[in-house]
Structures are given as structure tokens and as C-alpha cells.
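Undergrad: Take a look at final_3.txt, compact mmCIF, C-alpha atoms:
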```txt
# COMPACT_ATOMS: atom_id res chain seq x y z
CA MET A 29 2.17 -225.18 299.60
CA GLU A 30 5.76 -226.34 299.85
CA SER A 31 4.79 -229.94 299.08
CA THR A 32 2.76 -229.02 295.98
CA LYS A 33 5.72 -227.05 294.69
CA LYS A 34 7.92 -230.06 295.31
CA PHE A 35 5.40 -232.26 293.49
CA PHE A 36 5.35 -230.05 290.39
CA ASN A 37 9.12 -229.81 290.36
CA LYS A 38 9.20 -233.59 290.33
CA VAL A 39 6.66 -233.72 287.48
CA ARG A 40 8.74 -231.24 285.48
CA ASP A 41 11.75 -233.55 285.51
CA ASN A 42 9.77 -236.71 284.83
CA GLU A 43 10.81 -238.39 281.56
CA PHE A 44 7.24 -239.49 280.77
CA TYR A 45 5.95 -235.93 281.21
CA LYS A 46 8.73 -234.53 279.03
CA THR A 47 8.11 -236.98 276.17
CA TRP A 48 4.31 -236.84 276.16
CA PHE A 49 3.36 -233.33 277.21
CA LYS A 50 6.36 -231.01 277.13
CA SER A 51 8.27 -231.67 273.91
CA ALA A 52 6.69 -231.34 270.50
CA TRP A 53 5.74 -234.62 268.85
CA THR A 54 7.48 -235.46 265.57
CA TYR A 55 6.00 -234.63 262.16
CA VAL A 56 5.63 -238.36 261.47
CA THR A 57 3.60 -238.90 264.66
CA GLY A 58 1.43 -235.94 263.69
CA ALA A 59 0.93 -237.23 260.15
CA ILE A 60 -0.12 -240.69 261.33
CA LEU A 61 -2.57 -239.26 263.87
CA LEU A 62 -4.04 -236.88 261.27
CA ALA A 63 -4.54 -239.81 258.87
CA LEU A 64 -6.20 -241.96 261.56
CA PHE A 65 -8.55 -239.20 262.70
CA GLN A 66 -9.44 -238.36 259.09
CA ILE A 67 -10.63 -241.96 258.71
CA VAL A 68 -12.58 -241.73 261.98
CA SER A 69 -14.18 -238.44 260.82
CA LEU A 70 -15.22 -239.84 257.46
CA ALA A 71 -16.56 -243.09 258.94
CA SER A 72 -18.52 -241.50 261.78
CA THR A 73 -19.91 -238.34 260.14
CA GLY A 74 -19.92 -239.17 256.42
CA ASN A 75 -17.88 -236.03 255.70
CA PRO A 76 -14.12 -235.42 255.64
CA TRP A 77 -12.61 -232.98 258.12
CA GLY A 78 -13.26 -229.28 257.63
CA VAL A 79 -12.81 -226.23 259.85
CA SER A 80 -13.77 -222.98 258.18
CA GLY A 81 -17.19 -224.06 256.89
CA THR A 82 -18.27 -224.58 260.49
CA LEU A 83 -17.06 -221.07 261.36
CA ALA A 84 -19.43 -219.69 258.70
CA THR A 85 -22.25 -221.67 260.33
CA TRP A 86 -21.30 -220.18 263.73
CA GLY A 87 -21.46 -216.73 262.15
CA ALA A 88 -24.93 -217.46 260.78
CA TRP A 89 -26.16 -218.63 264.21
CA ILE A 90 -24.81 -215.52 265.89
CA TYR A 91 -26.45 -213.38 263.19
CA GLN A 92 -29.75 -215.20 263.85
CA LEU A 93 -29.38 -214.68 267.60
CA ILE A 94 -29.33 -210.92 267.10
CA GLY A 95 -32.40 -211.10 264.88
CA GLY A 96 -30.87 -211.49 261.42
CA SER A 97 -31.88 -214.03 258.78
CA VAL A 98 -29.63 -215.86 256.30
CA ASP A 99 -32.47 -217.73 254.55
CA LYS A 100 -32.12 -215.63 251.40
CA TRP A 101 -28.28 -215.88 251.29
CA TYR A 102 -26.96 -217.92 248.39
CA TYR A 103 -24.24 -219.52 250.54
CA PHE A 104 -26.76 -221.02 252.98
CA SER A 105 -29.40 -221.88 250.34
CA SER A 106 -28.48 -225.56 249.93
CA VAL A 107 -30.58 -228.21 251.66
CA GLY A 108 -27.55 -229.43 253.62
CA ALA A 109 -26.65 -225.97 254.93
CA GLN A 110 -30.27 -225.30 255.92
CA LYS A 111 -30.43 -228.64 257.74
CA THR A 112 -27.23 -227.90 259.68
CA LEU A 113 -28.52 -224.45 260.66
CA ALA A 114 -31.89 -225.85 261.75
CA SER A 115 -30.65 -228.84 263.75
CA GLY A 116 -28.48 -226.73 266.06
CA PHE A 117 -25.02 -226.72 267.60
CA LEU A 118 -25.14 -230.05 269.44
CA ASN A 119 -26.22 -231.97 266.32
CA ASP A 120 -23.47 -230.57 264.11
CA PRO A 121 -20.33 -232.77 264.15
CA GLY A 122 -18.22 -229.91 262.73
CA SER A 123 -19.16 -227.61 265.62
CA ILE A 124 -18.33 -230.21 268.26
CA ARG A 125 -15.01 -230.92 266.53
CA ASN A 126 -14.08 -227.23 266.29
CA LEU A 127 -14.86 -226.87 269.98
CA GLY A 128 -12.60 -229.89 270.56
CA ILE A 129 -9.79 -228.20 268.60
CA ILE A 130 -10.04 -225.02 270.69
CA PHE A 131 -10.13 -226.84 274.05
CA GLY A 132 -7.55 -229.40 272.94
CA ALA A 133 -5.12 -226.68 271.88
CA LEU A 134 -5.64 -224.85 275.18
CA LEU A 135 -5.19 -228.05 277.17
CA SER A 136 -2.00 -229.08 275.37
CA SER A 137 -0.37 -225.66 275.83
CA LEU A 138 -1.38 -225.70 279.51
CA LEU A 139 0.02 -229.22 279.99
CA ALA A 140 3.29 -228.18 278.34
CA SER A 141 3.31 -225.11 280.60
CA GLN A 142 3.55 -222.85 277.55
CA PHE A 143 0.28 -220.94 277.75
CA LYS A 144 0.90 -217.23 277.47
CA PHE A 145 -0.85 -213.96 276.69
CA LYS A 146 1.44 -212.37 274.15
CA LYS A 147 1.92 -208.65 274.11
CA ILE A 148 1.08 -206.68 270.99
CA LYS A 149 4.32 -205.19 269.73
CA SER A 150 3.24 -202.72 267.09
CA LYS A 151 0.24 -201.38 265.17
CA LYS A 152 1.57 -203.26 262.16
CA GLN A 153 0.89 -206.56 263.93
CA VAL A 154 -2.74 -205.55 264.51
CA VAL A 155 -3.19 -204.53 260.86
CA ALA A 156 -1.54 -207.76 259.67
CA ALA A 157 -3.68 -209.93 261.95
CA VAL A 158 -6.98 -208.26 261.03
CA LEU A 159 -6.17 -208.12 257.30
CA GLY A 160 -4.83 -211.69 257.29
CA GLY A 161 -7.83 -213.04 259.17
CA LEU A 162 -10.34 -211.36 256.86
CA LEU A 163 -8.54 -212.52 253.71
CA MET A 164 -8.15 -216.07 255.02
CA GLY A 165 -11.80 -216.33 256.04
CA TYR A 166 -13.09 -214.83 252.79
CA GLY A 167 -10.67 -216.91 250.68
CA ALA A 168 -11.57 -220.13 252.47
CA ARG A 169 -15.27 -219.63 251.79
CA ILE A 170 -15.02 -218.75 248.09
CA ALA A 171 -12.62 -221.69 247.63
CA TYR A 172 -15.01 -223.95 249.61
CA GLY A 173 -12.36 -224.90 252.13
CA CYS A 174 -9.18 -223.96 253.91
CA ASN A 175 -5.92 -225.93 254.01
CA ILE A 176 -7.83 -228.59 255.95
CA GLY A 177 -11.12 -228.88 254.05
CA ALA A 178 -9.83 -228.18 250.54
CA LEU A 179 -6.23 -229.41 250.74
CA PHE A 180 -5.97 -232.22 253.31
CA SER A 181 -9.50 -233.57 252.95
CA GLY A 182 -9.44 -233.08 249.17
CA ILE A 183 -6.25 -235.10 248.73
CA THR A 184 -7.31 -237.83 251.17
CA SER A 185 -10.60 -238.15 249.27
CA LEU A 186 -8.55 -238.79 246.10
CA SER A 187 -9.92 -235.60 244.57
CA LEU A 188 -7.93 -233.69 241.92
CA SER A 189 -9.10 -230.40 243.46
CA GLY A 190 -6.93 -231.05 246.53
CA TRP A 191 -3.76 -231.20 244.41
CA ILE A 192 -4.71 -228.07 242.46
CA PHE A 193 -5.32 -226.32 245.79
CA ALA A 194 -1.84 -227.48 246.91
CA ILE A 195 -0.16 -225.88 243.88
CA GLY A 196 -2.12 -222.66 244.40
CA MET A 197 -1.26 -222.62 248.09
CA PHE A 198 2.46 -223.12 247.40
CA PHE A 199 2.70 -220.11 245.08
CA GLY A 200 0.40 -218.11 247.35
CA ALA A 201 2.77 -218.77 250.26
CA VAL A 202 5.76 -217.62 248.17
CA VAL A 203 4.02 -214.34 247.27
CA GLY A 204 2.70 -213.97 250.83
CA SER A 205 6.11 -214.30 252.47
CA LYS A 206 7.62 -211.76 250.03
CA LEU A 207 4.85 -209.29 250.95
CA LEU A 208 5.36 -210.05 254.64
CA VAL A 209 9.08 -209.28 254.50
CA LYS A 210 8.46 -206.12 252.43
CA TYR A 211 5.62 -204.54 254.43
CA PHE A 212 5.51 -206.08 257.91
CA MET A 213 9.12 -206.48 259.04
CA MET B 10 33.68 -211.45 270.29
CA ASN B 11 30.31 -209.73 270.20
CA GLU B 12 27.07 -210.80 271.82
CA VAL B 13 23.85 -209.52 270.26
CA VAL B 14 20.33 -210.02 271.67
CA LEU B 15 17.47 -210.13 269.18
CA ASP B 16 14.07 -209.50 270.78
CA CYS B 17 11.46 -211.54 268.91
CA PHE B 18 8.93 -211.81 271.76
CA GLY B 19 5.40 -211.49 270.41
CA GLU B 20 6.47 -212.22 266.84
CA ALA B 21 4.96 -215.20 265.03
CA CYS B 22 6.50 -217.47 262.40
CA PRO B 23 8.22 -216.77 260.07
CA ILE B 24 9.34 -213.34 261.34
CA PRO B 25 11.85 -214.63 263.98
CA ILE B 26 13.67 -216.77 261.41
CA VAL B 27 13.84 -213.99 258.81
CA LYS B 28 15.08 -211.52 261.43
CA SER B 29 17.72 -213.96 262.72
CA GLU B 30 18.92 -214.61 259.18
CA ASN B 31 19.33 -210.88 258.46
CA LYS B 32 20.99 -210.17 261.80
CA LEU B 33 23.43 -213.06 261.48
CA LYS B 34 24.59 -211.70 258.11
CA GLU B 35 25.74 -208.49 259.85
CA LEU B 36 27.74 -210.35 262.51
CA GLU B 37 31.38 -211.41 262.41
CA ILE B 38 32.65 -214.97 262.75
CA GLY B 39 32.80 -215.95 266.43
CA ASP B 40 29.95 -213.60 267.42
CA ILE B 41 26.99 -214.87 269.42
CA LEU B 42 23.35 -214.15 268.50
CA ILE B 43 20.70 -214.66 271.18
CA VAL B 44 17.18 -214.86 269.72
CA GLN B 45 14.37 -214.42 272.25
CA ILE B 46 11.23 -216.29 271.20
CA ASP B 47 7.81 -217.02 272.68
CA HIS B 48 6.28 -218.81 269.71
CA SER B 49 6.62 -222.58 269.85
CA CYS B 50 6.74 -223.00 266.05
CA ALA B 51 9.63 -220.53 265.78
CA MET B 52 11.33 -222.39 268.65
CA LYS B 53 11.36 -225.44 266.38
CA ASN B 54 12.37 -223.88 263.06
CA VAL B 55 14.97 -221.29 264.15
CA PRO B 56 17.32 -223.90 265.77
CA GLU B 57 16.62 -226.31 262.90
CA TRP B 58 17.62 -223.72 260.30
CA ALA B 59 20.73 -222.60 262.24
CA ARG B 60 21.96 -226.17 262.75
CA LYS B 61 21.48 -226.88 259.05
CA GLU B 62 23.63 -223.83 258.30
CA GLY B 63 26.32 -225.44 260.45
CA TYR B 64 26.31 -223.02 263.40
CA ASN B 65 26.59 -224.05 267.05
CA VAL B 66 23.11 -223.83 268.56
CA GLU B 67 21.73 -224.11 272.06
CA VAL B 68 18.13 -223.68 273.19
CA GLU B 69 17.22 -222.62 276.69
CA GLU B 70 13.70 -222.33 278.15
CA ILE B 71 14.09 -219.19 280.23
CA ASP B 72 10.46 -219.05 281.42
CA ASP B 73 7.13 -220.80 280.72
CA GLY B 74 6.78 -220.61 276.95
CA GLU B 75 9.79 -218.33 276.52
CA TRP B 76 13.00 -219.46 274.91
CA GLU B 77 16.44 -218.15 274.07
CA VAL B 78 18.09 -219.64 271.02
CA ILE B 79 21.82 -219.08 271.29
CA ILE B 80 23.58 -219.19 267.92
CA GLU B 81 27.35 -218.99 267.49
CA LYS B 82 28.39 -217.82 264.04
CA THR B 83 31.12 -220.34 263.26
CA LYS B 84 31.72 -219.55 259.61
```
Would you mind writing the file out in C-alpha cells?
TA:
Amino acid sequence: MESTKKFFNKVRDNEFYKTWFKSAWTYVTGAILLALFQIVSLASTGNPWGVSGTLATWGAWIYQLIGGSVDKWYYFSSVGAQKTLASGFLNDPGSIRNLGIIFGALLSSLLASQFKFKKIKSKKQVVAAVLGGLLMGYGARIAYGCNIGALFSGITSLSLSGWIFAIGMFFGAVVGSKLLVKYFM
Amino acid sequence: MNEVVLDCFGEACPIPIVKSENKLKELEIGDILIVQIDHSCAMKNVPEWARKEGYNVEVEEIDDGEWEVIIEKTK
């Protein structure tokens, strides 16, 4: 017991540990890695990176598990969407990648020793989280993408839509932060 | 010299930075503001903002994933 404690104390002060796992990486490092993995995504799956579309697919699978059917839904009517739904979780690159994001985020916060269950401070926080989540999810689907699928992947695919999304997102964030300060502070 | 503690535990970005900005306006020159944070993104942008304003800033990890950003209002 005493020796393991000693070991972890030694790890905590190790320069290598501090640089790689404890401190946040720079924005430039992040940008380069995002660019590299975007290329890997496009080359290996044929599609640029997206997050929220996969979440809609997960929702459809759960709905099917409890006996529902999305066959008549306009959103899932395309051949591609039907194929993804039929071929299952393990054959969907987006699902595997989203799983990777969840476990990767957990792992990195555990390695940095920053994992924490945060206490809920007020009812306002609950309202803001639920309302924000619903609006973000709904918005991402009617815009065919979130800030990853529509913005990042749009711009990296040299699509004009990505830049238009960027302008919309900028003004949306301005309005959003004004509302936040007014109603949730 | 006054020392004020601002409890921002459980608050996500950008609330800690907005709260610190408002609180610092009320303080006198020479006063110390201690912002308690448990959100790693706020831990990056609160010190960054305060240093850009020209205040003396120190960050201390008081527990796993909990920080205190100590800001001295210098002007």
C-alpha cells in the first residue's frame, strides 16, 4: 500500500507525465491532430467526420429495440440511412468513432487525474442543460450537422456551406451568451 | 486589502469568467479574488483573460480536478 502510494507520487512529479497526460495540449497541437484524423476519416470511411448524425442513428436503434419502427420517417428514408440502420452498430464507422470519443475522453480525464462527478448547483442548471441539449440536438439535425459535421467537415471538404455555417454559428454564439448572462447567471 | 472567494464549482464555461469579471469590477485595487473552479476549460480561460488584463495571476490545483485561480487586482 505504502509503496504504491510512493509510486504514484513519483509519477505525479514526472516531467513526461506532466507534459503528456496532465497539462492541456496547445491549440496548435490540437489543430494539427484534428486535421490529420480528418484525413484518416475521409480516406478510410469515405465520409468526413460527423458526430450528431450517429446519435440520431443510435436513437433509431433504441426505438427499434423497444418495438418502434422508423421506416416511414422522412429522415431515415434515404438508401444510405436505411443501409446504416440495417447493417448494425459494429459495421457503422460513425458509431465506433463516437464510442471512441466517449472512452477517449474518459481515459484522458482519468489519466490527468481530473475525473469528477460535479454537483448540481441549482434548478436553473438543470433547465439550461435540458433545454440546451434539446435545442442543440434538434438544430444539428435540421442543419444536417453540428459544429463538427457541418462546420469543420464542411470547411475541410472545401464546401461553401461550412463557411456559411461558421457565420451563423458566430452570431448564434453572441446571442446565446447574451441570453445566458441575462437568464442563467 | 480584501480577500474575496468566488465559488464557481459546478459551473461550466463561460459562467466562471463572466462572474469573475463582474466581481473584480466591485473590488478595490490591491484586493485579491480567489476563483474556485472545477471545469478544465474555465481553468484555461480565466487565468488567460486575467493575465491579458494585466493582473497578477496564480493557479493552484487544490484537489483532483479542482483549482483556485488567485487574481490580484493591480490596477
Undergrad: Pull out every residue of chain B that has at least one atom within 8 Å of chain A, counting all atoms listed in the file, and report them as a list in words.
TA: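 Result, ordered by chain then number: Phe18, Gly19, Glu20, Ile24, Val27, Asp73, Gly74 and Glu75 of chain B.
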Undergrad: Please provide as a list in words all residues within 10 Å of Asp40 of chain B, with the sequence filter that same-chain residues fewer than 5 positions apart are discarded (counting all atoms listed in the file).
TA: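 What passes the distance filter is Met10, Asn11, Glu12, Val13, Leu33, Ile80, Glu81, Lys82, Thr83 and Lys84 of chain B.
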Undergrad: Write a file of the selected residues as a compact mmCIF listing (two decimals), in the frame of the given file, keeping C-alpha atoms.
TA:
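Result file is out26.txt:
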```
# COMPACT_ATOMS: atom_id res chain seq x y z
CA MET B 10 33.68 -211.45 270.29
CA ASN B 11 30.31 -209.73 270.20
CA GLU B 12 27.07 -210.80 271.82
CA VAL B 13 23.85 -209.52 270.26
CA LEU B 33 23.43 -213.06 261.48
CA ILE B 80 23.58 -219.19 267.92
CA GLU B 81 27.35 -218.99 267.49
CA LYS B 82 28.39 -217.82 264.04
CA THR B 83 31.12 -220.34 263.26
CA LYS B 84 31.72 -219.55 259.61
```
Undergrad: Closest to Ser29 of chain B among B:Val55, B:Ile71, B:Cys50, B:Val66, using all atoms listed in the file?
TA: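 Counting all atoms listed in the file, the residue closest to Ser29 of chain B is B:Val55.
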Undergrad: Restricting the calculation to all atoms listed in the file: of A:Val154, A:Phe180, A:Thr85, A:Phe198, which residue gets closest to Ala59 of chain A?
TA: A:Phe180
Undergrad: Counting only C-alpha atoms, note down every residue that has an atom within 9 Å of the point (-9.0, -228.7, 257.6) (file coordinates), as a compact mmCIF listing (two decimals) with C-alpha atoms, in the frame of the given file.
TA:
```txt
# COMPACT_ATOMS: atom_id res chain seq x y z
CA PRO A 76 -14.12 -235.42 255.64
CA TRP A 77 -12.61 -232.98 258.12
CA GLY A 78 -13.26 -229.28 257.63
CA VAL A 79 -12.81 -226.23 259.85
CA SER A 80 -13.77 -222.98 258.18
CA GLY A 173 -12.36 -224.90 252.13
CA CYS A 174 -9.18 -223.96 253.91
CA ASN A 175 -5.92 -225.93 254.01
CA ILE A 176 -7.83 -228.59 255.95
CA GLY A 177 -11.12 -228.88 254.05
CA ALA A 178 -9.83 -228.18 250.54
CA LEU A 179 -6.23 -229.41 250.74
CA PHE A 180 -5.97 -232.22 253.31
CA SER A 181 -9.50 -233.57 252.95
```
Undergrad: Extract, using all atoms listed in the file, all DNA, RNA and protein residues at most 12 Å from segment 108-112 of chain A, discarding same-chain residues fewer than 6 positions from it, and format them as a ChimeraX atom specification.
TA: /A:75,81-82,84-86,88-89,97-102,118-123
Undergrad: In Å, how far is it from atom CA of Ile170 of chain A to atom CA of Phe65 of chain A?
TA: 26.0 Å
